[in-house]
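Asks: Just run.txt, nothing more (compact mmCIF, C-alpha atoms and all ligand atoms):
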# COMPACT_ATOMS: atom_id res chain seq x y z
CA MET A 1 0.00 0.00 0.00
CA LYS A 2 1.56 3.33 -1.03
CA MET A 3 1.53 6.29 1.40
CA GLU A 4 -0.75 8.32 -0.87
CA ASN A 5 -3.32 5.52 -0.57
CA MET A 6 -3.06 5.45 3.21
CA ALA A 7 -5.20 7.28 5.68
CA LYS A 8 -4.61 8.32 9.25
CA GLY A 9 -5.70 5.44 11.46
CA ASP A 10 -4.78 2.69 8.98
CA GLU A 11 -2.71 -0.16 10.29
CA VAL A 12 0.33 -0.70 8.07
CA SER A 13 3.47 -2.81 8.08
CA ASN A 14 6.58 -1.10 9.42
CA GLN A 15 9.98 -2.35 8.26
CA GLN A 16 12.61 -1.95 10.96
CA ILE A 17 16.32 -2.52 11.54
CA ILE A 18 16.48 -4.36 14.85
CA PHE A 19 19.54 -4.27 17.07
CA ARG A 20 20.27 -7.95 17.73
CA ASP A 21 22.63 -7.90 20.73
CA PHE A 22 25.54 -6.00 22.27
CA VAL A 23 28.68 -5.89 20.14
CA THR A 24 32.34 -6.34 20.97
CA GLY A 25 34.96 -5.53 18.37
CA PHE A 26 34.09 -4.67 14.80
CA PRO A 27 30.30 -4.52 14.11
CA LYS A 28 28.86 -6.89 11.52
CA GLU A 29 25.77 -6.61 9.33
CA SER A 30 24.36 -9.60 11.23
CA ASP A 31 24.36 -7.52 14.43
CA MET A 32 21.32 -5.84 12.88
CA ILE A 33 18.27 -7.64 11.48
CA LEU A 34 15.66 -6.43 8.98
CA SER A 35 12.26 -7.15 10.46
CA SER A 36 8.65 -6.07 10.08
CA SER A 37 5.95 -5.15 12.59
CA LYS A 38 2.59 -3.39 12.42
CA ILE A 39 1.88 0.21 13.31
CA ARG A 40 -1.34 2.23 13.39
CA LEU A 41 -0.92 5.60 11.69
CA GLU A 42 -2.32 7.75 14.46
CA VAL A 43 -1.40 9.10 17.85
CA LEU A 44 -3.63 8.00 20.73
CA GLU A 45 -6.05 10.58 22.07
CA GLY A 46 -4.44 12.57 24.90
CA SER A 47 -0.87 11.48 24.06
CA LYS A 48 1.80 14.08 23.26
CA ALA A 49 3.62 11.66 20.94
CA ILE A 50 4.53 12.47 17.33
CA LEU A 51 4.10 9.89 14.58
CA VAL A 52 6.55 10.33 11.72
CA LYS A 53 7.31 8.77 8.38
CA ASN A 54 11.10 8.50 8.11
CA LEU A 55 12.61 9.73 4.86
CA TYR A 56 16.40 9.80 5.34
CA LEU A 57 18.62 8.28 8.02
CA SER A 58 22.09 9.40 8.94
CA CYS A 59 24.92 6.89 9.48
CA ASP A 60 27.03 8.27 12.32
CA PRO A 61 30.09 6.74 13.99
CA TYR A 62 28.68 7.36 17.51
CA LEU A 63 26.01 4.72 16.84
CA ARG A 64 28.76 2.15 17.41
CA SER A 65 29.12 3.34 21.03
CA ARG A 66 25.41 2.65 21.54
CA MET A 67 26.04 -0.99 20.59
CA ASN A 68 28.25 -1.53 23.65
CA ARG A 69 26.82 -3.28 26.70
CA ILE A 70 28.30 -0.47 28.83
CA PRO A 71 26.81 2.82 27.60
CA PRO A 72 29.22 5.58 26.52
CA GLY A 73 28.06 7.88 29.34
CA TYR A 74 26.17 10.61 27.50
CA ILE A 75 23.59 8.40 25.82
CA PRO A 76 22.10 4.97 26.59
CA SER A 77 23.05 1.77 24.80
CA PHE A 78 20.62 0.34 22.26
CA THR A 79 18.11 -2.17 23.59
CA PRO A 80 18.55 -5.64 22.06
CA GLY A 81 15.40 -6.57 20.15
CA SER A 82 14.45 -2.91 19.48
CA PRO A 83 15.09 -0.79 16.38
CA LEU A 84 18.28 1.22 16.12
CA GLN A 85 17.85 4.94 16.69
CA GLY A 86 19.74 7.74 15.02
CA PHE A 87 19.45 11.12 13.39
CA GLY A 88 17.06 11.33 10.48
CA VAL A 89 14.74 13.49 8.44
CA SER A 90 11.05 12.73 8.84
CA LYS A 91 7.56 13.96 7.93
CA ILE A 92 4.92 14.22 10.63
CA ILE A 93 1.86 12.07 9.97
CA ASP A 94 0.02 12.77 13.23
CA SER A 95 0.87 14.67 16.37
CA GLY A 96 -0.48 15.09 19.87
CA HIS A 97 2.29 17.57 20.66
CA PRO A 98 1.13 21.19 20.68
CA GLU A 99 4.27 22.46 18.90
CA PHE A 100 4.29 19.97 16.02
CA LYS A 101 1.66 19.53 13.32
CA GLU A 102 0.77 16.99 10.69
CA GLY A 103 2.64 17.60 7.42
CA GLU A 104 5.64 19.35 8.99
CA LEU A 105 9.17 18.22 8.14
CA VAL A 106 11.59 17.68 11.01
CA TRP A 107 15.08 16.38 11.74
CA GLY A 108 16.31 14.77 14.95
CA VAL A 109 16.66 11.35 16.53
CA THR A 110 14.21 8.81 15.16
CA GLY A 111 14.02 5.03 14.69
CA TRP A 112 15.67 3.00 11.97
CA GLU A 113 12.25 2.05 10.58
CA GLU A 114 9.67 3.32 8.14
CA TYR A 115 7.43 4.91 10.80
CA SER A 116 8.32 5.99 14.33
CA LEU A 117 6.30 7.12 17.29
CA LEU A 118 8.46 9.76 18.97
CA THR A 119 8.15 11.07 22.49
CA LEU A 120 9.96 14.30 23.29
CA ILE A 121 11.33 14.47 26.80
CA ASP A 122 11.48 17.94 28.34
CA GLY A 123 15.07 18.93 29.09
CA ASP A 124 16.54 15.97 27.16
CA LYS A 125 18.50 17.56 24.31
CA LEU A 126 18.98 14.18 22.65
CA SER A 127 15.24 14.01 21.97
CA THR A 128 15.16 17.48 20.35
CA LEU A 129 13.26 17.68 17.07
CA PHE A 130 14.17 20.57 14.78
CA LYS A 131 11.58 21.89 12.34
CA ILE A 132 12.98 22.13 8.84
CA LYS A 133 12.96 25.77 7.83
CA TYR A 134 14.45 25.76 4.34
CA THR A 135 13.16 23.32 1.73
CA ASP A 136 14.98 24.91 -1.22
CA VAL A 137 17.84 22.46 -0.59
CA PRO A 138 17.62 18.64 -0.76
CA LEU A 139 15.95 17.37 2.43
CA SER A 140 18.75 14.82 2.87
CA PHE A 141 21.04 17.79 3.69
CA TYR A 142 19.41 17.78 7.14
CA THR A 143 21.11 14.45 7.89
CA GLY A 144 24.48 16.15 7.40
CA LEU A 145 25.32 19.58 6.04
CA LEU A 146 22.37 21.32 7.77
CA GLY A 147 21.97 18.66 10.47
CA MET A 148 24.06 17.13 13.22
CA ALA A 149 27.31 16.60 11.28
CA GLY A 150 27.45 20.07 9.74
CA PHE A 151 26.49 21.70 13.00
CA SER A 152 29.24 19.69 14.77
CA ALA A 153 31.74 21.09 12.28
CA TYR A 154 30.49 24.61 12.95
CA ALA A 155 30.28 24.38 16.75
CA GLY A 156 33.53 22.42 17.03
CA PHE A 157 35.48 24.78 14.83
CA HIS A 158 34.04 28.22 15.52
CA GLU A 159 33.11 27.80 19.18
CA MET A 160 35.86 25.52 20.43
CA CYS A 161 38.95 26.38 18.38
CA ALA A 162 39.04 30.20 18.56
CA PRO A 163 40.19 30.32 14.92
CA LYS A 164 41.98 33.33 13.41
CA LYS A 165 42.80 34.23 9.84
CA GLY A 166 46.11 32.65 8.88
CA ASP A 167 45.95 29.82 11.44
CA TYR A 168 47.41 26.48 10.36
CA VAL A 169 44.58 23.95 10.63
CA TYR A 170 44.74 20.17 10.38
CA VAL A 171 41.62 17.96 10.03
CA SER A 172 41.61 14.15 10.19
CA ALA A 173 38.85 12.01 8.58
CA ALA A 174 38.65 15.17 6.52
CA SER A 175 36.35 14.03 3.71
CA GLY A 176 33.56 12.69 5.96
CA GLY A 177 30.32 14.25 7.08
CA VAL A 178 32.01 16.53 9.62
CA GLY A 179 35.49 16.93 8.13
CA GLN A 180 34.49 18.18 4.69
CA LEU A 181 32.73 21.13 6.38
CA VAL A 182 35.41 21.89 8.96
CA GLY A 183 37.89 22.41 6.13
CA GLN A 184 35.52 24.69 4.25
CA PHE A 185 34.61 26.75 7.33
CA ALA A 186 38.35 27.12 8.00
CA LYS A 187 39.06 28.22 4.42
CA LEU A 188 36.19 30.74 4.57
CA MET A 189 37.96 32.19 7.63
CA GLY A 190 41.23 32.53 5.77
CA CYS A 191 43.10 29.66 7.44
CA TYR A 192 45.65 27.35 5.83
CA VAL A 193 44.03 23.90 5.89
CA VAL A 194 45.41 20.39 5.44
CA GLY A 195 43.29 17.25 5.66
CA SER A 196 43.98 13.54 5.75
CA ALA A 197 41.80 10.72 4.49
CA GLY A 198 42.10 7.02 3.73
CA SER A 199 42.11 6.88 -0.07
CA ASN A 200 43.52 8.80 -3.02
CA GLU A 201 39.99 9.43 -4.29
CA LYS A 202 39.16 11.18 -1.00
CA VAL A 203 42.43 13.14 -1.10
CA ASN A 204 41.52 14.31 -4.56
CA LEU A 205 38.11 15.49 -3.30
CA LEU A 206 39.73 17.38 -0.43
CA LYS A 207 42.07 19.29 -2.71
CA ASN A 208 39.88 19.78 -5.76
CA LYS A 209 36.35 20.14 -4.36
CA PHE A 210 36.49 21.09 -0.70
CA GLY A 211 39.29 23.62 -1.21
CA TYR A 212 41.81 22.16 1.23
CA ASP A 213 45.26 23.66 0.59
CA GLU A 214 46.88 20.24 0.93
CA ALA A 215 45.76 16.71 1.69
CA PHE A 216 47.35 13.30 2.14
CA ASN A 217 46.39 9.65 2.31
CA TYR A 218 47.35 8.61 5.84
CA LYS A 219 47.29 4.93 4.85
CA GLU A 220 50.20 5.53 2.46
CA GLU A 221 52.35 7.32 5.04
CA TYR A 222 54.92 5.15 6.76
CA ASP A 223 55.60 7.80 9.39
CA LEU A 224 52.69 10.13 10.30
CA ASN A 225 54.99 12.43 12.26
CA GLU A 226 57.14 12.97 9.14
CA ALA A 227 54.04 13.54 7.01
CA LEU A 228 52.79 16.26 9.37
CA LYS A 229 56.22 17.92 9.42
CA ARG A 230 56.12 17.98 5.63
CA TYR A 231 52.72 19.72 5.54
CA PHE A 232 53.22 21.90 8.61
CA PRO A 233 56.90 22.88 8.75
CA GLU A 234 55.94 25.67 11.16
CA GLY A 235 53.53 23.54 13.20
CA ILE A 236 49.77 23.26 13.68
CA ASP A 237 47.63 25.93 15.38
CA ILE A 238 44.37 23.96 15.35
CA TYR A 239 43.86 20.23 15.15
CA PHE A 240 40.26 19.09 14.56
CA GLU A 241 40.42 15.57 15.96
CA ASN A 242 38.15 12.95 14.42
CA VAL A 243 40.20 9.75 14.68
CA GLY A 244 42.42 9.58 17.80
CA GLY A 245 45.03 6.85 18.39
CA LYS A 246 48.23 7.00 16.35
CA MET A 247 47.11 10.13 14.55
CA LEU A 248 46.72 12.07 17.79
CA ASP A 249 50.11 10.83 18.94
CA ALA A 250 51.72 12.10 15.74
CA VAL A 251 49.93 15.45 15.94
CA LEU A 252 50.93 16.35 19.51
CA PRO A 253 54.65 17.08 18.91
CA ASN A 254 53.69 19.01 15.76
CA MET A 255 51.46 21.50 17.59
CA ARG A 256 52.57 25.13 17.82
CA ASP A 257 52.82 26.96 21.11
CA HIS A 258 49.31 27.71 22.45
CA GLY A 259 47.74 25.46 19.81
CA ARG A 260 44.18 24.16 20.21
CA ILE A 261 42.98 20.59 19.77
CA VAL A 262 39.23 20.07 19.67
CA VAL A 263 38.26 16.46 20.18
CA CYS A 264 35.20 15.82 18.07
CA GLY A 265 35.66 12.05 17.81
CA MET A 266 38.15 9.19 17.96
CA ILE A 267 36.79 6.71 15.46
CA SER A 268 39.97 4.60 15.39
CA GLN A 269 39.19 3.57 18.99
CA TYR A 270 35.48 2.73 18.77
CA ASN A 271 35.89 -0.96 17.92
CA LEU A 272 38.84 -1.67 20.20
CA GLU A 273 38.27 -3.62 23.39
CA LYS A 274 41.35 -1.94 24.87
CA PRO A 275 41.97 1.64 23.68
CA GLU A 276 45.44 2.46 22.34
CA GLY A 277 47.75 4.48 24.51
CA VAL A 278 48.98 7.98 23.58
CA HIS A 279 52.67 8.62 24.22
CA ASN A 280 53.28 12.26 23.39
CA LEU A 281 51.10 13.95 26.03
CA PHE A 282 54.14 15.84 27.36
CA SER A 283 53.82 18.06 24.26
CA ILE A 284 50.61 19.49 25.76
CA LEU A 285 52.70 20.96 28.57
CA VAL A 286 55.72 21.95 26.53
CA LYS A 287 53.64 23.71 23.86
CA ARG A 288 50.93 24.94 26.29
CA VAL A 289 48.26 23.27 24.12
CA ARG A 290 44.58 23.42 25.03
CA MET A 291 42.81 20.15 24.26
CA GLU A 292 39.06 19.92 24.82
CA GLY A 293 36.23 17.61 23.87
CA PHE A 294 32.74 18.72 22.95
CA MET A 295 29.28 17.27 22.40
CA VAL A 296 27.24 18.87 19.67
CA PHE A 297 23.96 18.82 21.65
CA GLU A 298 25.45 21.18 24.25
CA HIS A 299 25.60 23.82 21.50
CA TYR A 300 22.06 23.42 20.13
CA HIS A 301 21.20 27.01 21.14
CA LEU A 302 23.55 28.10 18.32
CA TYR A 303 21.76 26.04 15.67
CA PRO A 304 19.67 28.97 14.30
CA GLN A 305 22.77 31.11 13.63
CA PHE A 306 24.56 28.13 12.06
CA LEU A 307 21.53 27.43 9.84
CA GLU A 308 21.28 31.01 8.57
CA LEU A 309 25.00 31.24 7.81
CA THR A 310 25.31 27.84 6.16
CA HIS A 311 22.10 28.17 4.16
CA GLN A 312 23.43 31.48 2.86
CA TYR A 313 26.77 29.85 1.96
CA ILE A 314 24.89 27.14 0.03
CA LYS A 315 22.86 29.75 -1.87
CA GLU A 316 26.04 31.65 -2.73
CA GLY A 317 27.78 28.46 -3.89
CA LYS A 318 30.46 28.86 -1.21
CA ILE A 319 30.03 25.37 0.24
CA PHE A 320 30.54 22.15 -1.68
CA TYR A 321 28.91 19.06 -0.20
CA VAL A 322 29.23 15.35 -0.99
CA GLU A 323 26.79 12.67 0.13
CA ASP A 324 27.15 8.93 -0.23
CA THR A 325 23.62 7.59 -0.55
CA VAL A 326 22.20 4.08 -0.35
CA GLU A 327 18.57 3.41 -1.28
CA GLY A 328 16.46 1.32 1.07
CA LEU A 329 16.32 0.73 4.80
CA GLU A 330 17.71 -2.78 4.27
CA LYS A 331 20.99 -1.22 3.07
CA GLY A 332 21.41 0.64 6.37
CA PRO A 333 23.50 -1.92 8.30
CA GLU A 334 26.06 -2.30 5.50
CA ALA A 335 26.31 1.48 5.11
CA LEU A 336 26.71 1.98 8.85
CA ILE A 337 29.52 -0.52 9.34
CA GLY A 338 31.18 0.86 6.21
CA LEU A 339 32.05 3.99 8.20
CA PHE A 340 34.63 1.90 10.06
CA THR A 341 36.42 0.80 6.90
CA GLY A 342 36.07 4.19 5.24
CA SER A 343 33.83 2.90 2.45
CA ASN A 344 31.76 6.11 2.58
CA ILE A 345 32.83 8.96 0.36
CA GLY A 346 31.29 11.99 2.00
CA LYS A 347 28.30 12.00 4.35
CA GLN A 348 26.68 8.54 4.53
CA VAL A 349 22.90 8.69 4.08
CA VAL A 350 20.24 5.95 3.91
CA VAL A 351 17.13 6.76 1.87
CA VAL A 352 14.10 5.15 3.51
CA ALA A 353 11.51 6.92 1.38
CA HIS A 354 11.37 9.90 -0.94
CA GLU A 355 8.85 12.39 0.41
P1 LIG A 401 32.71 10.12 8.55
O1 LIG A 401 33.99 10.87 8.42
O2 LIG A 401 31.66 10.42 7.58
O3 LIG A 401 32.99 8.55 8.55
C1 LIG A 401 33.97 8.03 9.32
C2 LIG A 401 35.34 8.04 8.60
O4 LIG A 401 36.35 7.81 9.55
C3 LIG A 401 35.49 6.95 7.57
O5 LIG A 401 34.96 7.28 6.33
C4 LIG A 401 37.00 6.78 7.53
O6 LIG A 401 37.54 7.69 6.57
C5 LIG A 401 37.46 7.23 8.92
N1 LIG A 401 37.93 6.08 9.71
C6 LIG A 401 37.27 4.95 9.98
N2 LIG A 401 38.03 4.13 10.74
C7 LIG A 401 39.21 4.77 10.93
C8 LIG A 401 40.42 4.46 11.62
N3 LIG A 401 40.55 3.29 12.27
N4 LIG A 401 41.43 5.35 11.58
C9 LIG A 401 41.30 6.52 10.93
N5 LIG A 401 40.18 6.89 10.25
C10 LIG A 401 39.15 6.02 10.27
O7 LIG A 401 32.16 10.38 10.02
P2 LIG A 401 31.69 11.76 10.62
O8 LIG A 401 30.24 11.69 10.82
O9 LIG A 401 32.25 12.88 9.82
O10 LIG A 401 32.38 11.75 12.06
C11 LIG A 401 33.75 12.09 12.20
C12 LIG A 401 34.11 12.02 13.68
O11 LIG A 401 33.37 12.99 14.40
C13 LIG A 401 33.80 10.69 14.34
O12 LIG A 401 34.83 10.37 15.24
C14 LIG A 401 32.51 10.96 15.10
O13 LIG A 401 32.34 10.10 16.20
C15 LIG A 401 32.73 12.39 15.51
N6 LIG A 401 31.53 13.21 15.79
C16 LIG A 401 31.45 13.79 17.03
C17 LIG A 401 30.42 14.65 17.33
C18 LIG A 401 30.39 15.33 18.67
O14 LIG A 401 29.35 15.87 19.08
N7 LIG A 401 31.49 15.34 19.39
C19 LIG A 401 29.41 14.88 16.38
C20 LIG A 401 29.52 14.28 15.12
C21 LIG A 401 30.59 13.44 14.85
P3 LIG A 401 38.99 7.45 5.92
O15 LIG A 401 38.75 6.76 4.62
O16 LIG A 401 39.49 8.83 5.78
O17 LIG A 401 39.78 6.60 6.87
Take the structure in the file and give it back as C-alpha cells.
Ligand code: NAP
Replies:
Amino acid sequence: MKMENMAKGDEVSNQQIIFRDFVTGFPKESDMILSSSKIRLEVLEGSKAILVKNLYLSCDPYLRSRMNRIPPGYIPSFTPGSPLQGFGVSKIIDSGHPEFKEGELVWGVTGWEEYSLLTLIDGDKLSTLFKIKYTDVPLSFYTGLLGMAGFSAYAGFHEMCAPKKGDYVYVSAASGGVGQLVGQFAKLMGCYVVGSAGSNEKVNLLKNKFGYDEAFNYKEEYDLNEALKRYFPEGIDIYFENVGGKMLDAVLPNMRDHGRIVVCGMISQYNLEKPEGVHNLFSILVKRVRMEGFMVFEHYHLYPQFLELTHQYIKEGKIFYVEDTVEGLEKGPEALIGLFTGSNIGKQVVVVAHE
C-alpha cells in the first residue's frame, strides 16, 4: 500500500532494523536484522507523541558506542530486540504535541524504521526535534550539512577552536560528514588547511572540491609524524580531531605553542576492546596546548545562527557538499559498518523513502 493511498488510522506494516545484541569488536551486518511489525498511523487521544514517516537516516560513527553493553556515558546503549535509533529526516503524519503539526518536516533522533512514534522528553536535548525551515535544498542535507554533522563542524570549529585568519589547521577524517565542512569553514575564515583521508579518491576530493590547501592519504604514510612535518613545517595551530590513536600521537609534537585541539571524535578507537595508549602527552605541557572535547547537543542554542550562515553559503555556492547515498532501509547496516572501513565517500545517508 503506497503512502498516498493510506489514511490516518490505517494499520500498516513497518519495516525496521532491529539491534540484535551488544557488540564487541568490529560490528557486523548480522548484528542488525531487517524485520517487520505493524503500526497504526495515528497518535492515541491525549498522548503528546509524534508519529513520523522516516525519509532519510544518517549513518554516524557514535552509533557504534550505543552498541556496547556499557553505555558511553552521555547516551544509553541500544536495547537488544528494538530498532536502532539515530538522526534522520522525517515527515509528521500525526501529532499530539502542541508544537508539532501533521505535514511538517523535522530532523532529529528517530528510529531505523519506516514509521516511528516519537516522544519528546522535556530537558533531554537528545530528543530534540528541529523543524525544517528551508526546503529549497535537498531534504537529505538535514542528515548532514544542515543537520548534526554540519552543525558539529560549525560548533567544534568556531566555538571551540578560537580560529583566526592565517591559522594552520589540520583535520583528520577530513572528507567525511564533519570533516568536509570543517575544512571549508576554515578556508572561509582565511586559514591554511590540510586534511587527511584514507584513499587517493578522498584526497583528490579534499584538494579539488572542498578547497583544502593540501591533503594526504594517511594509509600511504609510513611515518605520520614525518608527514605532518612535511605539511606543517611551522607547526599546527588547530587540530580538529576525528580519529584519535596513532594520529593524535603524531599530531601532539607538531602542535605550535598555544595550539588548540578540539576532540570531536576518535573513530579509530570505537571498535577496540582496549583503547590504544597515547605517548606524546608531554607536548601538551611543553607547547601549552589546550585540548578539549565537545558534544554537539550542548551547542544546540547556536543552531539557528549556524543554519542562517550555512544556508546562505549554500545559496552563494560557497560550500561544496558530498553525500554517499544508499537506497532502502535494508541497506542501512552495511552502510553503517562501512564507516569503520572508510567505504563512505562523504556524508553517509540511507534513503528510507522519498517524500
Ligand atoms: P565520517 O567521516 O563520515 O565517517 C567516518 C570516517 O572515519 C570513515 O569514512 C574513515 O575515513 C574514517 N575512519 C574509519 N576508521 C578509521 C580508523 N581506524 N582510523 C582513521 N580513520 C578512520 O564520520 P563523521 O560523521 O564525519 O564523524 C567524524 C568524527 O566525528 C567521528 O569520530 C565521530 O564520532 C565524531 N563526531 C562527534 C560529534 C560530537 O558531538 N562530538 C558529532 C559528530 C561526529 P577514511 O577513509 O578517511 O579513513
Asks: Name the residues within 12 Å of (41.7, 17.8, 1.6), counting all atoms listed in the file in the file's coordinates, and put them as a VMD selection string.
Replies: chain A and resid 169 to 176 179 to 184 186 to 187 192 to 218 231 346
Asks: Where's the centre, and what are the edge lengths in Å to one decimal, of a box along x, y and z enclosing all listed atoms of ligand LIG 401 (chain A) padded 6 Å per side, as JSON?
Replies:
{"center_x": 35.4, "center_y": 9.6, "center_z": 12.0, "size_x": 24.1, "size_y": 24.6, "size_z": 26.8}
Asks: Residues at most 12 Å from Tyr239 (chain A), counting only C-alpha atoms, excluding those fewer than 3 positions away in the same chain, as a ChimeraX atom specification?
Replies: /A:156-157,160-163,167-174,179,182-183,186,192-196,228,232,235-236,242-244,247-256,258-265,289-293
Asks: Would you mind exporting C-alpha atoms of the selected residues as a PDB file, in the coordinates of the input?
Replies:
ATOM      1  CA  GLY A 156      33.530  22.420  17.030  1.00  0.00           C
ATOM      2  CA  PHE A 157      35.480  24.780  14.830  1.00  0.00           C
ATOM      3  CA  MET A 160      35.860  25.520  20.430  1.00  0.00           C
ATOM      4  CA  CYS A 161      38.950  26.380  18.380  1.00  0.00           C
ATOM      5  CA  ALA A 162      39.040  30.200  18.560  1.00  0.00           C
ATOM      6  CA  PRO A 163      40.190  30.320  14.920  1.00  0.00           C
ATOM      7  CA  ASP A 167      45.950  29.820  11.440  1.00  0.00           C
ATOM      8  CA  TYR A 168      47.410  26.480  10.360  1.00  0.00           C
ATOM      9  CA  VAL A 169      44.580  23.950  10.630  1.00  0.00           C
ATOM     10  CA  TYR A 170      44.740  20.170  10.380  1.00  0.00           C
ATOM     11  CA  VAL A 171      41.620  17.960  10.030  1.00  0.00           C
ATOM     12  CA  SER A 172      41.610  14.150  10.190  1.00  0.00           C
ATOM     13  CA  ALA A 173      38.850  12.010   8.580  1.00  0.00           C
ATOM     14  CA  ALA A 174      38.650  15.170   6.520  1.00  0.00           C
ATOM     15  CA  GLY A 179      35.490  16.930   8.130  1.00  0.00           C
ATOM     16  CA  VAL A 182      35.410  21.890   8.960  1.00  0.00           C
ATOM     17  CA  GLY A 183      37.890  22.410   6.130  1.00  0.00           C
ATOM     18  CA  ALA A 186      38.350  27.120   8.000  1.00  0.00           C
ATOM     19  CA  TYR A 192      45.650  27.350   5.830  1.00  0.00           C
ATOM     20  CA  VAL A 193      44.030  23.900   5.890  1.00  0.00           C
ATOM     21  CA  VAL A 194      45.410  20.390   5.440  1.00  0.00           C
ATOM     22  CA  GLY A 195      43.290  17.250   5.660  1.00  0.00           C
ATOM     23  CA  SER A 196      43.980  13.540   5.750  1.00  0.00           C
ATOM     24  CA  LEU A 228      52.790  16.260   9.370  1.00  0.00           C
ATOM     25  CA  PHE A 232      53.220  21.900   8.610  1.00  0.00           C
ATOM     26  CA  GLY A 235      53.530  23.540  13.200  1.00  0.00           C
ATOM     27  CA  ILE A 236      49.770  23.260  13.680  1.00  0.00           C
ATOM     28  CA  ASN A 242      38.150  12.950  14.420  1.00  0.00           C
ATOM     29  CA  VAL A 243      40.200   9.750  14.680  1.00  0.00           C
ATOM     30  CA  GLY A 244      42.420   9.580  17.800  1.00  0.00           C
ATOM     31  CA  MET A 247      47.110  10.130  14.550  1.00  0.00           C
ATOM     32  CA  LEU A 248      46.720  12.070  17.790  1.00  0.00           C
ATOM     33  CA  ASP A 249      50.110  10.830  18.940  1.00  0.00           C
ATOM     34  CA  ALA A 250      51.720  12.100  15.740  1.00  0.00           C
ATOM     35  CA  VAL A 251      49.930  15.450  15.940  1.00  0.00           C
ATOM     36  CA  LEU A 252      50.930  16.350  19.510  1.00  0.00           C
ATOM     37  CA  PRO A 253      54.650  17.080  18.910  1.00  0.00           C
ATOM     38  CA  ASN A 254      53.690  19.010  15.760  1.00  0.00           C
ATOM     39  CA  MET A 255      51.460  21.500  17.590  1.00  0.00           C
ATOM     40  CA  ARG A 256      52.570  25.130  17.820  1.00  0.00           C
ATOM     41  CA  HIS A 258      49.310  27.710  22.450  1.00  0.00           C
ATOM     42  CA  GLY A 259      47.740  25.460  19.810  1.00  0.00           C
ATOM     43  CA  ARG A 260      44.180  24.160  20.210  1.00  0.00           C
ATOM     44  CA  ILE A 261      42.980  20.590  19.770  1.00  0.00           C
ATOM     45  CA  VAL A 262      39.230  20.070  19.670  1.00  0.00           C
ATOM     46  CA  VAL A 263      38.260  16.460  20.180  1.00  0.00           C
ATOM     47  CA  CYS A 264      35.200  15.820  18.070  1.00  0.00           C
ATOM     48  CA  GLY A 265      35.660  12.050  17.810  1.00  0.00           C
ATOM     49  CA  VAL A 289      48.260  23.270  24.120  1.00  0.00           C
ATOM     50  CA  ARG A 290      44.580  23.420  25.030  1.00  0.00           C
ATOM     51  CA  MET A 291      42.810  20.150  24.260  1.00  0.00           C
ATOM     52  CA  GLU A 292      39.060  19.920  24.820  1.00  0.00           C
ATOM     53  CA  GLY A 293      36.230  17.610  23.870  1.00  0.00           C
TER      54      GLY A 293
END
Asks: Would you compute the distance between CA of His301 (chain A) and CA of Lys48 (chain A)? Give it in Å to one decimal.
Replies: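 Here the two named atoms are 23.4 Å from each other.
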Asks: Taking 6 positions as the minimum chain separation for residues in the same chain, which residues sit within 12 Å of region 313-316 of chain A when counting all atoms listed in the file? Answer as a PyMOL selection string.
Replies: chain A and resi 134+136-138+141+145-146+181+184-185+188+306-307
Asks: Using only C-alpha atoms, which protein or nucleic acid residues come within 6 Å of region 332-343 of chain A? Drop anything in the same chain fewer than 4 positions from it, and give the result as a count of residues only.
Replies: 3
Asks: CA of Leu224 (chain A) and CA of Gly245 (chain A) are how many Å apart?
Replies: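 Between CA of Leu224 (chain A) and CA of Gly245 (chain A) the gap is 11.6 Å.
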Asks: Excluding Asp21 (chain A) and any residue of its chain fewer than 5 positions from it, enumerate the residues within 12 Å of it, using all atoms listed in the file, and give them as a list of chain:residue names.
Replies: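 That gives A:Pro27, A:Lys28, A:Glu29, A:Ser30, A:Asp31, A:Met32, A:Ile33, A:Arg66, A:Met67, A:Asn68, A:Arg69, A:Ser77, A:Phe78, A:Thr79, A:Pro80, A:Gly81, A:Ser82, A:Pro83, A:Leu84.
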Asks: One decimal, Å: what's the distance from CA of Pro61 (chain A) over to CA of Cys191 (chain A), could you say?
Replies: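 These atoms are spaced 27.2 Å apart.
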Asks: Nearest to Ser47 (chain A) among A:Ile132, A:Leu329, A:Met295, A:Leu118, with distances taken over only C-alpha atoms: which residue is it?
Replies: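 Closest residue, counting only C-alpha atoms: A:Leu118.
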Asks: Considering all atoms listed in the file, return as a list of chain:residue names whatever protein or nucleic-acid residues lie within 10 Å of Thr325 (chain A), sequence-local ones (same chain, fewer than 3 positions apart) excluded.
Replies: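 Neighbouring residues, sequence-local ones excluded: A:Tyr56, A:Leu57, A:Ser58, A:Ser140, A:Val322, A:Gly328, A:Lys331, A:Ala335, A:Asn344, A:Ile345, A:Gly346, A:Lys347, A:Gln348, A:Val349, A:Val350, A:Val351.
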Asks: Of the candidates A:Asp237, A:Glu99, A:Asp223, A:Glu323, which one gets nearest to ligand LIG 401 (chain A) if we count only C-alpha atoms and all ligand atoms?
Replies: A:Glu323
Asks: Output as JSON lines one row per residue of region 234-302 of chain A within 12 Å of region 119-130 of chain A: the closest atom pair and its distance in Å to one decimal place, counting all atoms listed in the file, sorted by chain and residue number ascending.
Replies:
{"residue": "A:Met295", "atom": "CA", "partner": "A:Leu126", "partner_atom": "CA", "distance": 10.8}
{"residue": "A:Val296", "atom": "CA", "partner": "A:Leu126", "partner_atom": "CA", "distance": 10.0}
{"residue": "A:Phe297", "atom": "CA", "partner": "A:Lys125", "partner_atom": "CA", "distance": 6.2}
{"residue": "A:Glu298", "atom": "CA", "partner": "A:Lys125", "partner_atom": "CA", "distance": 7.8}
{"residue": "A:His299", "atom": "CA", "partner": "A:Lys125", "partner_atom": "CA", "distance": 9.9}
{"residue": "A:Tyr300", "atom": "CA", "partner": "A:Lys125", "partner_atom": "CA", "distance": 8.0}
{"residue": "A:His301", "atom": "CA", "partner": "A:Lys125", "partner_atom": "CA", "distance": 10.3}
Asks: Counting all atoms listed in the file, which residues of region 78-130 of chain A fall within 9 Å of region 34-40 of chain A, and what is the closest atom pair for each with its distance in Å at one decimal, ordered by chain and rising number, as JSON lines?
Replies:
{"residue": "A:Glu113", "atom": "CA", "partner": "A:Ser36", "partner_atom": "CA", "distance": 8.9}
{"residue": "A:Tyr115", "atom": "CA", "partner": "A:Ile39", "partner_atom": "CA", "distance": 7.7}
{"residue": "A:Ser116", "atom": "CA", "partner": "A:Ile39", "partner_atom": "CA", "distance": 8.7}
